[in-house]
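Participant: To be precise about what I am sending: the file is called start-v1.cif and holds mmCIF, C-alpha atoms.
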```cif
data_run
loop_
_atom_site.label_atom_id
_atom_site.label_comp_id
_atom_site.auth_asym_id
_atom_site.auth_seq_id
_atom_site.Cartn_x
_atom_site.Cartn_y
_atom_site.Cartn_z
CA MET N 70 -30.60 21.10 -17.77
CA SER N 71 -32.84 20.69 -20.83
CA LYS N 72 -35.94 18.51 -20.71
CA GLU N 73 -34.41 16.24 -23.34
CA ARG N 74 -31.32 15.53 -21.21
CA MET N 75 -33.41 15.14 -18.09
CA SER N 76 -35.55 12.54 -19.87
CA LEU N 77 -32.49 10.63 -21.02
CA LEU N 78 -31.07 10.54 -17.47
CA GLU N 79 -34.38 9.38 -16.06
CA ASN N 80 -34.44 6.55 -18.57
CA MET N 81 -31.01 5.44 -17.42
CA ASP N 82 -32.24 5.42 -13.83
CA ARG N 83 -35.19 3.07 -14.29
CA PHE N 84 -35.30 -0.26 -12.54
CA GLU N 85 -38.33 -1.84 -14.22
CA VAL N 86 -37.51 -5.02 -16.10
CA THR N 87 -38.87 -5.00 -19.65
CA PRO N 88 -39.33 -8.17 -21.70
CA VAL N 89 -36.15 -9.22 -23.45
CA LYS N 90 -35.30 -12.04 -25.76
CA ALA N 91 -34.08 -15.25 -24.13
CA PRO N 92 -30.42 -14.91 -25.29
CA GLU N 93 -30.23 -11.50 -23.58
CA GLU N 94 -31.49 -12.74 -20.21
CA GLU N 95 -28.02 -13.88 -19.09
CA VAL N 96 -26.54 -10.54 -20.15
CA ARG N 97 -29.20 -8.59 -18.25
CA GLN N 98 -28.65 -10.76 -15.18
CA LYS N 99 -24.94 -9.93 -15.20
CA SER N 100 -25.87 -6.24 -15.07
CA ILE N 101 -28.20 -6.87 -12.12
CA THR N 102 -25.52 -8.93 -10.35
CA PHE N 103 -23.02 -6.08 -10.79
CA SER N 104 -25.54 -3.66 -9.31
CA ASP N 105 -26.09 -5.89 -6.29
CA ASN N 106 -22.34 -6.39 -5.79
CA ILE N 107 -21.74 -2.65 -5.74
CA LEU N 108 -24.63 -2.11 -3.34
CA LYS N 109 -23.21 -4.73 -0.98
CA GLU N 110 -19.85 -2.97 -1.02
CA LEU N 111 -21.57 0.35 -0.31
CA THR N 112 -23.37 -1.09 2.72
CA ASN N 113 -20.19 -2.69 4.07
CA GLN N 114 -19.04 -0.37 6.87
CA ASN N 115 -15.48 -1.66 6.56
CA GLY N 116 -15.50 -1.90 2.78
CA PRO N 117 -13.69 0.12 0.11
CA TYR N 118 -16.26 2.93 0.23
CA LYS N 119 -15.85 3.70 3.92
CA GLU N 120 -14.25 7.06 3.12
CA LEU N 121 -15.85 7.63 -0.27
CA THR N 122 -19.56 7.40 0.56
CA ASN N 123 -21.98 9.20 2.83
CA GLN N 124 -21.12 8.36 6.44
CA GLU N 125 -24.80 8.44 7.31
CA GLY N 126 -25.83 6.26 4.38
CA PRO N 127 -28.54 3.58 4.39
CA ASP N 128 -28.04 0.24 6.07
CA SER N 129 -29.42 -2.13 3.46
CA ILE N 130 -29.50 -2.81 -0.25
CA GLU N 131 -33.24 -2.23 -0.30
CA GLN N 132 -32.85 1.26 1.17
CA LEU N 133 -30.19 2.09 -1.38
CA ARG N 134 -32.48 1.00 -4.18
CA ASP N 135 -35.32 3.05 -2.75
CA ARG N 136 -33.08 6.10 -2.87
CA LYS N 137 -31.94 5.21 -6.41
CA PHE N 138 -28.28 5.10 -5.33
CA SER N 139 -27.62 2.39 -7.90
CA THR N 140 -27.69 3.79 -11.39
CA VAL N 141 -27.12 0.65 -13.41
CA SER N 142 -29.92 0.28 -15.94
CA ARG N 143 -31.63 -3.10 -16.23
CA PHE N 144 -32.46 -2.68 -19.90
CA SER N 145 -30.62 -4.62 -22.62
CA PRO N 146 -27.02 -3.52 -23.39
CA ALA N 147 -28.07 -2.30 -26.84
CA HIS N 148 -30.77 -0.10 -25.27
CA ASN N 149 -28.34 1.23 -22.65
CA ALA N 150 -25.75 2.06 -25.33
CA LEU N 151 -28.36 3.93 -27.36
CA GLU N 152 -29.43 5.97 -24.29
CA LEU N 153 -25.81 6.84 -23.52
CA ARG N 154 -25.14 7.87 -27.09
CA SER N 155 -28.21 10.13 -27.09
CA PHE N 156 -27.26 11.73 -23.78
CA LEU N 157 -23.64 12.38 -24.81
CA LYS N 158 -24.85 13.76 -28.12
CA SER N 159 -27.07 16.17 -26.19
CA LEU N 160 -23.91 17.45 -24.49
CA GLU N 161 -22.48 18.19 -27.96
CA ALA N 162 -19.99 15.35 -27.69
CA ASP N 163 -18.41 14.10 -30.91
CA ILE N 164 -20.52 10.94 -31.17
CA SER N 165 -23.35 9.67 -33.35
CA ALA N 166 -26.74 9.06 -31.80
CA GLU N 167 -27.07 5.90 -33.91
CA PRO N 168 -25.73 2.54 -32.68
CA ALA N 169 -22.63 1.03 -34.25
CA GLU N 170 -23.24 -1.63 -36.88
CA THR N 171 -20.35 -3.74 -35.60
CA GLY N 172 -21.79 -4.29 -32.13
CA ILE N 173 -21.60 -3.29 -28.48
CA LEU N 174 -17.79 -3.27 -28.30
CA THR N 175 -17.61 -0.51 -30.91
CA ASP N 176 -20.43 1.31 -29.12
CA LEU N 177 -18.41 1.21 -25.91
CA ARG N 178 -15.32 2.51 -27.66
CA HIS N 179 -17.25 5.52 -28.97
CA ILE N 180 -19.11 6.14 -25.69
CA ILE N 181 -16.00 6.03 -23.51
CA GLU N 182 -14.14 8.31 -25.92
CA ALA N 183 -17.01 10.82 -25.84
CA SER N 184 -17.44 10.62 -22.04
CA ASN N 185 -15.12 13.62 -21.60
CA ALA N 186 -18.15 15.77 -22.27
CA CYS N 187 -19.61 14.76 -18.89
CA TRP N 188 -16.66 16.21 -16.99
CA SER N 189 -16.54 19.47 -18.90
CA SER N 190 -20.30 20.15 -18.91
CA LYS N 191 -21.60 22.40 -16.14
CA GLU N 192 -25.04 20.88 -16.58
CA VAL N 193 -24.00 17.42 -15.37
CA GLY N 194 -23.98 17.19 -11.58
CA ASP N 195 -22.14 14.61 -9.49
CA VAL N 196 -25.15 12.30 -9.14
CA ASP N 197 -25.84 12.37 -12.88
CA LEU N 198 -22.14 11.90 -13.56
CA GLU N 199 -22.03 8.71 -11.51
CA MET N 200 -25.23 7.53 -13.17
CA VAL N 201 -23.72 7.83 -16.65
CA PHE N 202 -20.40 6.19 -15.81
CA ASN N 203 -22.01 3.37 -13.83
CA SER N 204 -24.13 2.70 -16.91
CA ILE N 205 -20.91 2.52 -18.94
CA ILE N 206 -19.50 0.11 -16.35
CA SER N 207 -22.57 -2.10 -16.68
CA LEU N 208 -21.94 -2.34 -20.43
CA ILE N 209 -18.31 -3.34 -19.84
CA LEU N 210 -19.28 -6.05 -17.39
CA VAL N 211 -21.67 -7.83 -19.75
CA LEU N 212 -18.94 -8.29 -22.34
CA PRO N 213 -17.31 -11.70 -22.81
CA THR N 214 -14.17 -11.91 -20.66
CA GLU N 215 -11.87 -12.00 -23.69
CA GLU N 216 -13.27 -8.65 -24.94
CA MET N 217 -13.01 -6.70 -21.69
CA MET N 218 -9.37 -5.61 -21.83
CA GLU N 219 -9.73 -2.80 -24.39
CA PRO N 220 -12.74 -1.04 -22.79
CA VAL N 221 -11.35 -1.44 -19.27
CA THR N 222 -8.03 0.11 -20.32
CA HIS N 223 -9.84 2.86 -22.23
CA PHE N 224 -12.12 3.55 -19.26
CA CYS N 225 -9.14 3.88 -16.89
CA GLU N 226 -7.35 6.27 -19.25
CA LYS N 227 -10.38 8.55 -19.47
CA ILE N 228 -11.00 8.56 -15.72
CA LEU N 229 -7.36 9.40 -15.01
CA LYS N 230 -7.31 12.34 -17.42
CA SER N 231 -9.17 15.04 -15.55
CA PRO N 232 -9.80 18.49 -17.05
CA GLN N 233 -7.72 21.33 -15.69
CA GLY N 234 -9.10 22.51 -12.37
CA ASP N 235 -11.38 19.49 -11.89
CA LYS N 236 -11.98 18.81 -8.18
CA ARG N 237 -13.90 15.54 -8.43
CA ALA N 238 -11.01 13.16 -7.83
CA ALA N 239 -12.94 11.33 -5.10
CA THR N 240 -15.78 10.69 -7.57
CA ARG N 241 -13.31 9.40 -10.14
CA LEU N 242 -11.77 7.10 -7.57
CA LYS N 243 -15.21 5.77 -6.65
CA LEU N 244 -15.98 5.03 -10.31
CA LEU N 245 -12.76 3.07 -10.71
CA SER N 246 -13.66 1.22 -7.52
CA ASN N 247 -17.08 0.39 -8.94
CA LEU N 248 -15.51 -1.29 -11.95
CA PHE N 249 -12.84 -2.96 -9.81
CA TYR N 250 -15.35 -4.61 -7.48
CA GLY N 251 -17.73 -5.34 -10.35
CA LEU N 252 -15.15 -7.53 -12.11
CA ASP N 253 -14.76 -11.15 -11.12
CA GLU N 254 -12.40 -11.35 -8.13
CA LYS N 255 -10.03 -13.56 -10.14
CA SER N 256 -9.92 -11.29 -13.20
CA PRO N 257 -6.35 -10.19 -14.10
CA LEU N 258 -7.85 -6.88 -15.27
CA ARG N 259 -8.29 -5.99 -11.62
CA ALA N 260 -4.52 -5.49 -11.45
CA ASP N 261 -4.64 -2.81 -14.18
CA LEU N 262 -7.59 -1.16 -12.47
CA TYR N 263 -5.85 -1.12 -9.11
CA VAL N 264 -2.78 0.52 -10.64
CA SER N 265 -5.08 3.23 -12.04
CA MET N 266 -6.74 3.66 -8.64
CA VAL N 267 -3.37 4.01 -6.93
CA LYS N 268 -2.10 6.52 -9.50
CA LEU N 269 -5.25 8.62 -9.23
CA ALA N 270 -5.08 8.56 -5.44
CA GLN N 271 -1.42 9.57 -5.58
CA GLN N 272 -2.10 12.48 -7.95
CA SER N 273 -4.98 13.72 -5.81
CA ASP N 274 -3.60 13.16 -2.28
CA LEU N 275 -6.23 10.48 -1.65
CA VAL N 276 -3.93 7.55 -0.85
CA PRO N 277 -5.20 7.25 2.77
CA GLN N 278 -8.73 6.80 1.40
CA LEU N 279 -7.60 3.67 -0.44
CA GLN N 280 -7.00 2.09 2.97
CA LEU N 281 -4.14 0.03 1.56
CA ASN N 282 -3.92 -3.37 3.21
CA LEU N 283 -0.82 -5.31 2.16
CA ASP N 284 -2.25 -8.66 3.26
CA GLN N 285 -5.39 -8.07 1.18
CA ILE N 286 -3.34 -6.95 -1.81
CA LYS N 287 -1.23 -10.12 -1.61
CA LYS N 288 -4.40 -12.20 -1.48
CA TRP N 289 -5.72 -10.46 -4.60
CA ILE N 290 -2.41 -10.95 -6.41
CA SER N 291 -2.52 -14.68 -5.71
CA GLN N 292 -5.98 -14.80 -7.34
CA TRP N 293 -5.16 -12.73 -10.42
CA ASP N 294 -2.39 -14.90 -11.91
CA ILE N 295 -0.69 -11.92 -13.55
CA SER N 296 2.74 -11.78 -15.20
CA THR N 297 5.83 -10.84 -13.22
CA VAL N 298 6.11 -7.58 -15.17
CA LYS N 299 2.55 -6.58 -14.23
CA LEU N 300 3.16 -7.55 -10.62
CA GLN N 301 6.30 -5.41 -10.51
CA ASN N 302 4.44 -2.48 -12.05
CA LEU N 303 1.68 -2.83 -9.44
CA LEU N 304 4.08 -2.98 -6.49
CA ARG N 305 6.14 -0.11 -7.88
CA SER N 306 3.03 2.07 -8.20
CA ILE N 307 1.96 1.29 -4.64
CA HIS N 308 5.47 2.04 -3.34
CA ASP N 309 5.62 5.42 -5.08
CA ALA N 310 2.17 6.40 -3.80
CA LEU N 311 3.10 5.47 -0.24
CA ILE N 312 6.35 7.45 -0.43
CA ASP N 313 4.51 10.54 -1.68
CA SER N 314 2.05 10.16 1.21
CA ASN N 315 4.85 9.91 3.80
CA MET N 316 3.89 6.30 4.60
CA SER N 317 7.52 5.19 4.48
CA GLU N 318 7.22 2.19 6.80
CA MET N 319 4.64 0.49 4.56
CA ALA N 320 6.57 1.60 1.47
CA THR N 321 9.70 -0.24 2.63
CA LYS N 322 7.69 -3.48 2.98
CA VAL N 323 6.28 -3.08 -0.51
CA MET N 324 9.73 -2.44 -1.96
CA ILE N 325 11.12 -5.58 -0.31
CA ASP N 326 8.27 -7.55 -1.90
CA LEU N 327 9.10 -5.91 -5.24
CA LEU N 328 12.77 -6.88 -5.10
CA GLY N 329 11.71 -10.39 -4.11
CA THR N 330 10.03 -10.81 -7.51
CA TYR N 331 13.40 -10.77 -9.27
CA THR N 332 15.41 -13.94 -9.79
CA GLU N 333 19.12 -14.45 -10.23
CA ASP N 334 18.59 -14.45 -13.99
CA ASN N 335 16.98 -11.01 -14.16
CA ALA N 336 18.31 -9.36 -10.99
CA SER N 337 20.57 -7.12 -13.07
CA GLN N 338 17.42 -5.49 -14.52
CA ALA N 339 16.33 -4.41 -11.04
CA LYS N 340 19.11 -1.91 -10.39
CA ASN N 341 16.76 1.07 -10.38
CA ASP N 342 14.34 -0.64 -8.00
CA ALA N 343 17.23 -1.74 -5.77
CA HIS N 344 18.57 1.82 -5.75
CA ARG N 345 15.16 3.20 -4.73
CA CYS N 346 14.81 0.49 -2.09
CA ILE N 347 18.04 1.55 -0.42
CA VAL N 348 17.08 5.23 -0.51
CA THR N 349 13.66 4.41 1.00
CA HIS N 350 15.27 2.49 3.88
CA LEU N 351 17.88 5.16 4.53
CA GLY N 352 15.29 7.93 4.50
CA ASP N 353 12.80 6.19 6.80
CA PRO N 354 13.39 7.61 10.31
CA ASN N 355 11.98 4.44 11.91
CA THR N 356 14.04 1.88 9.98
CA PHE N 357 17.35 0.93 11.57
CA LEU N 358 18.07 -2.67 10.56
CA MET N 359 19.18 -2.89 6.94
CA ASP N 360 21.64 -5.79 6.79
CA HIS N 361 19.01 -7.98 5.08
CA LEU N 362 19.19 -5.70 2.03
CA LEU N 363 22.75 -6.80 1.34
CA THR N 364 21.54 -10.36 0.75
CA LEU N 365 19.05 -9.37 -1.97
CA LYS N 366 20.31 -10.26 -5.44
CA PRO N 367 19.33 -6.94 -7.07
CA VAL N 368 21.22 -5.06 -4.33
CA LYS N 369 24.29 -7.23 -4.85
CA PHE N 370 24.46 -6.00 -8.45
CA LEU N 371 25.07 -2.50 -7.05
CA GLU N 372 28.35 -3.49 -5.38
CA GLY N 373 31.06 -0.98 -6.24
CA GLU N 374 28.59 1.88 -6.65
CA LEU N 375 28.29 4.78 -4.22
CA ILE N 376 24.76 3.81 -3.13
CA HIS N 377 25.99 0.35 -2.07
CA ASP N 378 28.92 1.90 -0.18
CA LEU N 379 26.50 4.19 1.66
CA LEU N 380 24.25 1.27 2.57
CA THR N 381 27.23 -0.67 3.90
CA ILE N 382 28.09 2.24 6.19
CA PHE N 383 24.55 2.29 7.59
CA VAL N 384 24.69 -1.48 8.11
CA SER N 385 28.01 -1.75 9.92
CA GLY N 386 29.88 1.57 9.86
CA LYS N 387 30.33 4.30 12.45
CA ILE N 388 29.62 8.01 12.49
CA ALA N 389 33.14 8.84 11.35
CA ASP N 390 32.72 6.56 8.32
CA TYR N 391 29.56 8.37 7.27
CA GLN N 392 31.06 11.81 7.81
CA GLN N 393 34.02 10.92 5.61
CA PHE N 394 31.70 9.55 2.92
CA TYR N 395 29.57 12.70 3.05
CA LYS N 396 32.64 14.91 2.82
CA ASN N 397 33.78 13.09 -0.33
CA ASN N 398 30.31 12.69 -1.92
CA THR N 399 28.19 15.62 -0.72
CA ASP N 400 26.52 16.16 -4.10
CA PHE N 401 25.63 12.47 -4.37
CA VAL N 402 23.94 12.34 -0.95
CA THR N 403 22.05 15.54 -1.73
CA SER N 404 20.89 14.12 -5.09
CA LEU N 405 19.28 11.19 -3.25
CA GLY N 406 16.95 13.60 -1.47
CA LEU N 407 18.33 12.53 1.92
CA SER N 408 18.84 14.93 4.81
CA HIS N 409 22.42 15.05 6.11
CA ASP N 410 21.16 15.90 9.61
CA GLN N 411 18.72 12.97 9.56
CA ASN N 412 21.50 10.69 8.35
CA LEU N 413 23.71 11.79 11.25
CA ARG N 414 20.88 11.20 13.69
CA LYS N 415 20.32 7.68 12.39
CA MET N 416 24.04 6.89 12.39
CA ARG N 417 24.27 7.99 16.03
CA PHE N 418 21.40 5.67 16.90
CA LEU N 419 23.00 2.78 15.02
CA THR N 420 26.41 3.36 16.59
CA PHE N 421 24.86 3.44 20.07
CA ILE N 422 22.92 0.23 19.38
CA GLN N 423 26.14 -1.50 18.36
CA MET N 424 27.92 -0.23 21.48
CA ALA N 425 25.10 -1.50 23.70
CA GLU N 426 25.18 -5.03 22.26
CA ASN N 427 28.14 -6.11 24.38
CA ARG N 428 27.95 -3.77 27.36
CA LYS N 429 25.95 -3.68 30.56
CA GLU N 430 26.60 0.03 31.09
CA ILE N 431 28.05 2.98 29.16
CA ASP N 432 29.55 6.11 30.73
CA TYR N 433 28.49 9.56 29.63
CA ASN N 434 32.01 10.47 28.52
CA VAL N 435 32.12 7.46 26.18
CA ILE N 436 28.79 8.48 24.63
CA GLU N 437 29.98 12.08 24.29
CA LYS N 438 33.09 10.96 22.43
CA GLU N 439 31.65 8.18 20.24
CA MET N 440 28.43 10.01 19.35
CA GLN N 441 30.22 13.34 18.88
CA LEU N 442 27.74 15.11 21.13
CA GLU N 443 27.89 18.01 23.52
CA GLU N 444 27.60 17.01 27.18
CA ASP N 445 24.25 18.79 27.58
CA ASP N 446 22.78 16.81 24.66
CA ILE N 447 23.55 13.32 25.96
CA GLU N 448 20.39 12.68 27.99
CA ASP N 449 18.11 14.02 25.27
CA PHE N 450 19.88 11.73 22.81
CA ILE N 451 19.39 8.69 25.07
CA ILE N 452 15.69 9.50 25.49
CA ASP N 453 15.34 9.63 21.69
CA VAL N 454 17.05 6.23 21.41
CA LEU N 455 14.75 4.70 24.04
CA ARG N 456 11.69 5.99 22.15
CA THR N 457 12.67 3.86 19.16
CA LYS N 458 12.37 0.77 21.44
CA SER N 459 15.57 -0.57 19.90
CA VAL N 460 17.28 -0.34 23.30
CA LYS N 461 15.91 -0.85 26.80
CA ALA N 462 17.99 1.02 29.36
CA LYS N 463 17.93 3.25 32.42
CA ILE N 464 19.62 6.61 32.88
CA ASP N 465 21.71 6.89 36.06
CA GLN N 466 22.19 10.62 36.43
CA MET N 467 24.08 10.36 39.71
CA GLN N 468 26.70 7.95 38.32
CA ARG N 469 26.52 9.60 34.86
CA LYS N 470 26.05 6.35 32.99
CA ILE N 471 23.46 4.32 31.09
CA ILE N 472 22.44 0.90 32.43
CA ILE N 473 21.68 -1.41 29.47
CA HIS N 474 18.94 -4.02 29.93
CA SER N 475 18.59 -5.26 26.34
CA THR N 476 19.09 -4.19 22.75
CA ILE N 477 18.38 -5.32 19.22
CA HIS N 478 21.33 -6.44 17.12
CA ARG N 479 22.38 -4.07 14.39
CA THR N 480 23.36 -6.99 12.17
CA TYR N 481 22.12 -10.54 12.49
CA GLY N 482 24.67 -13.07 11.32
CA ARG N 483 25.97 -16.47 12.36
CA GLN N 484 27.25 -15.17 15.68
CA GLN N 485 23.84 -13.78 16.63
CA TRP N 486 22.07 -17.01 15.67
CA GLN N 487 24.51 -19.00 17.83
CA LEU N 488 23.90 -16.63 20.74
CA LEU N 489 20.15 -17.04 20.31
CA ARG N 490 20.57 -20.82 20.30
CA GLN N 491 22.55 -20.66 23.53
CA GLN N 492 19.87 -18.56 25.18
CA LEU N 493 17.12 -20.94 24.10
CA VAL N 494 19.08 -23.92 25.42
CA GLN N 495 19.55 -22.13 28.74
CA TRP N 496 15.84 -21.34 28.97
CA ARG N 497 14.98 -24.97 28.25
CA GLU N 498 17.36 -26.19 30.98
CA ARG N 499 15.92 -23.72 33.49
CA LEU N 500 12.38 -24.77 32.67
CA ALA N 501 13.39 -28.40 33.16
CA GLN N 502 14.81 -27.50 36.56
CA VAL N 503 11.59 -25.71 37.51
CA GLN N 504 9.55 -28.70 36.40
CA THR N 505 11.73 -31.07 38.43
CA GLY N 506 11.38 -28.84 41.48
CA LEU N 507 7.58 -28.77 41.13
CA GLN N 508 7.47 -32.55 40.83
CA GLN N 509 9.56 -32.97 44.00
CA LEU N 510 7.32 -30.50 45.83
CA ASP N 511 4.27 -32.49 44.74
CA ILE N 512 5.82 -35.72 46.06
CA ILE N 513 6.60 -34.10 49.44
CA GLN N 514 3.05 -32.76 49.73
CA ASN N 515 1.58 -36.18 48.94
CA GLN N 516 3.80 -37.84 51.56
CA ALA N 517 2.77 -35.26 54.17
CA THR N 518 -0.89 -35.88 53.39
CA THR N 519 -0.46 -39.65 53.70
CA GLN N 520 1.31 -39.40 57.07
CA ALA N 521 -1.37 -37.11 58.41
#
```
Please rewrite the model in this file as structure tokens.
Facilitator:
Amino acid sequence: MSKERMSLLENMDRFEVTPVKAPEEEVRQKSITFSDNILKELTNQNGPYKELTNQEGPDSIEQLRDRKFSTVSRFSPAHNALELRSFLKSLEADISAEPAETGILTDLRHIIEASNACWSSKEVGDVDLEMVFNSIISLILVLPTEEMMEPVTHFCEKILKSPQGDKRAATRLKLLSNLFYGLDEKSPLRADLYVSMVKLAQQSDLVPQLQLNLDQIKKWISQWDISTVKLQNLLRSIHDALIDSNMSEMATKVMIDLLGTYTEDNASQAKNDAHRCIVTHLGDPNTFLMDHLLTLKPVKFLEGELIHDLLTIFVSGKIADYQQFYKNNTDFVTSLGLSHDQNLRKMRFLTFIQMAENRKEIDYNVIEKEMQLEEDDIEDFIIDVLRTKSVKAKIDQMQRKIIIHSTIHRTYGRQQWQLLRQQLVQWRERLAQVQTGLQQLDIIQNQATTQA
């Protein structure tokens, strides 16, 4: 690296506070606050950088500063912008070394646009790369709130567009995280940033490093006060990323939340999301109860379509119903990306669960006939069912039957609620009897003590 570029980078890495005019003091303080916020996140062992930072990193903010981990300059924004312009110009980026006459917002627009040069230059290492982009972030964060949208959107676009063959996705994700956690926790712009983080993680197989926490995401959403359209876009992005990462169980929860954002007035617009929701549930090997989907308004708008018919079979049909549907609509099932063998496996499980609801025991020959299994496959099938924890049972090999202890209900309607009520009433009566018995025992013991 040339001496000129080295000097420019060193200037960006200084921490000394130089005298500034009074009106700029608040702006400079915002930059310092951002730096401290990022450092706190970096030292948080359970924070967003758990997988993105050095596992043997320092334990305190002071140690991080000593090692110059923070690269946010504490000079005035105008000075920072000038340094960035000069550095990018030294990389032969298409940018003037002179500041914009119209102010810092124009400077930022030019700097972010020219930042591509950092990724393509072989002379800019990872540490220097982070230094430059964290300096850009510091300029964004000192802007008035109403002016932040354009540079934040521009910044995300540039970070997402990586040059061909670039292998620094983790660094890009960290930079987006820096800006995300630097923004006020109630800023709606955090939603746009998080969508960019999720998309980048999805493209780069880094979704596990995001450590997605649905409860935390819901808390953030409640703080952001974003439009329904933005919320739907966020949830849809998270769902797609989870599906691509084979995290189907969490993806189904996100999709249910997504469908819940639609009302009766706009449910007809959610047909695509409802369609994907059904496919996600059918394809998840650990999801067996799907009757609740039929009550969702967007799903109701699919009535009469093949996808709704298929869902209905998985909710209340039998193996023969599915086999007939598959025979008539093989191309459709294949187009959904679903495995016919996996569908048969799930339908066998569901049929067995329904059989077990009203029986105390089931003979092998009944299972062989209803499940369409070979005799030698019955016990392996039962073991697979028991592993799902949807049925508790015991195999009686001598009597060639299954003893049912308990099972979940495949569908939960009025009849199941009434049965649950009856069971609760019975438990309450039995507890009352136990209490009465204990009271009588206490009276007898007291009488015996008195007589003695």
Participant: Can you spell out as a CSV table (one decimal) with C-alpha atoms, in the coordinates of the input the set of residues that the PyMOL selection byres ((chain N and resi 314-316) around 8) selects in the structure I just provided?
Facilitator:
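As a result, part_38.csv now contains:
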```csv
chain,number,residue,atom,x,y,z
N,271,GLN,CA,-1.4,9.6,-5.6
N,274,ASP,CA,-3.6,13.2,-2.3
N,276,VAL,CA,-3.9,7.6,-0.8
N,277,PRO,CA,-5.2,7.2,2.8
N,310,ALA,CA,2.2,6.4,-3.8
N,311,LEU,CA,3.1,5.5,-0.2
N,312,ILE,CA,6.4,7.4,-0.4
N,313,ASP,CA,4.5,10.5,-1.7
N,317,SER,CA,7.5,5.2,4.5
N,318,GLU,CA,7.2,2.2,6.8
N,319,MET,CA,4.6,0.5,4.6
N,320,ALA,CA,6.6,1.6,1.5
```
Participant: If the PyMOL selection byres ((chain N and resi 454-465) around 7) were run on this exact file, what residues would it hold? Put them as a list in words.
Facilitator: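 So the PyMOL selection byres ((chain N and resi 454-465) around 7), applied here, picks out Phe418, Ile422, Phe450, Ile451, Ile452, Asp453, Gln466, Met467, Gln468, Arg469, Lys470, Ile471, Ile472, Ile473, His474, Ser475, Thr476 and Ile477 of chain N.
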Participant: Do a neighbour search on segment 295-297 of chain N at 9 Å with all atoms listed in the file, toss out local chain neighbours closer than 2 positions, and write the hits as a tab-separated table (two decimals) with C-alpha atoms, in the frame of the given file.
Facilitator:
```
chain	number	residue	atom	x	y	z
N	257	PRO	CA	-6.35	-10.19	-14.10
N	258	LEU	CA	-7.85	-6.88	-15.27
N	260	ALA	CA	-4.52	-5.49	-11.45
N	290	ILE	CA	-2.41	-10.95	-6.41
N	291	SER	CA	-2.52	-14.68	-5.71
N	292	GLN	CA	-5.98	-14.80	-7.34
N	293	TRP	CA	-5.16	-12.73	-10.42
N	299	LYS	CA	2.55	-6.58	-14.23
N	300	LEU	CA	3.16	-7.55	-10.62
N	301	GLN	CA	6.30	-5.41	-10.51
N	302	ASN	CA	4.44	-2.48	-12.05
N	330	THR	CA	10.03	-10.81	-7.51
N	331	TYR	CA	13.40	-10.77	-9.27
```
Participant: Atom CA of Ser404 of chain N and atom CA of Phe370 of chain N are how many Å apart?
Facilitator: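 Computed distance, atom CA of Ser404 of chain N to atom CA of Phe370 of chain N, equals 20.7 Å.
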Participant: What is the distance, in Å and to one decimal place, between atom CA of Leu177 of chain N and atom CA of Pro232 of chain N?
Facilitator: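 So the answer is 21.2 Å.
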Participant: How many Å lie between atom CA of Ile447 of chain N and atom CA of Arg414 of chain N, rounded to one decimal?
Facilitator: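 A separation of 12.7 Å between them.
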Participant: Residues within 9 Å of Ala147 of chain N, please, as a ChimeraX atom specification. Count all atoms listed in the file; anything in the same chain fewer than 2 positions from it doesn't count.
Facilitator: /N:144-145,149-152,168,172-173,176,208
Participant: Can I get segment 421-430 of chain N with N, CA and C atoms filled in, as a PDB file, keeping the file's coordinate frame?
Facilitator:
```pdb
ATOM      1  N   PHE N 421      25.181   3.708  18.664  1.00  0.00           N
ATOM      2  CA  PHE N 421      24.860   3.440  20.070  1.00  0.00           C
ATOM      3  C   PHE N 421      24.320   2.019  20.235  1.00  0.00           C
ATOM      4  N   ILE N 422      23.466   1.590  19.316  1.00  0.00           N
ATOM      5  CA  ILE N 422      22.920   0.230  19.380  1.00  0.00           C
ATOM      6  C   ILE N 422      24.050  -0.795  19.349  1.00  0.00           C
ATOM      7  N   GLN N 423      25.016  -0.572  18.472  1.00  0.00           N
ATOM      8  CA  GLN N 423      26.140  -1.500  18.360  1.00  0.00           C
ATOM      9  C   GLN N 423      26.991  -1.484  19.640  1.00  0.00           C
ATOM     10  N   MET N 424      27.161  -0.318  20.223  1.00  0.00           N
ATOM     11  CA  MET N 424      27.920  -0.230  21.480  1.00  0.00           C
ATOM     12  C   MET N 424      27.205  -0.979  22.604  1.00  0.00           C
ATOM     13  N   ALA N 425      25.875  -0.906  22.609  1.00  0.00           N
ATOM     14  CA  ALA N 425      25.100  -1.500  23.700  1.00  0.00           C
ATOM     15  C   ALA N 425      24.991  -3.008  23.608  1.00  0.00           C
ATOM     16  N   GLU N 426      25.326  -3.583  22.439  1.00  0.00           N
ATOM     17  CA  GLU N 426      25.180  -5.030  22.260  1.00  0.00           C
ATOM     18  C   GLU N 426      26.013  -5.821  23.255  1.00  0.00           C
ATOM     19  N   ASN N 427      27.214  -5.333  23.553  1.00  0.00           N
ATOM     20  CA  ASN N 427      28.140  -6.110  24.380  1.00  0.00           C
ATOM     21  C   ASN N 427      28.510  -5.412  25.689  1.00  0.00           C
ATOM     22  N   ARG N 428      27.650  -4.490  26.126  1.00  0.00           N
ATOM     23  CA  ARG N 428      27.950  -3.770  27.360  1.00  0.00           C
ATOM     24  C   ARG N 428      26.738  -3.758  28.278  1.00  0.00           C
ATOM     25  N   LYS N 429      27.014  -3.770  29.558  1.00  0.00           N
ATOM     26  CA  LYS N 429      25.950  -3.680  30.560  1.00  0.00           C
ATOM     27  C   LYS N 429      25.702  -2.224  30.956  1.00  0.00           C
ATOM     28  N   GLU N 430      26.732  -1.387  30.779  1.00  0.00           N
ATOM     29  CA  GLU N 430      26.600   0.030  31.090  1.00  0.00           C
ATOM     30  C   GLU N 430      27.582   0.834  30.250  1.00  0.00           C
TER      31      GLU N 430
END
```
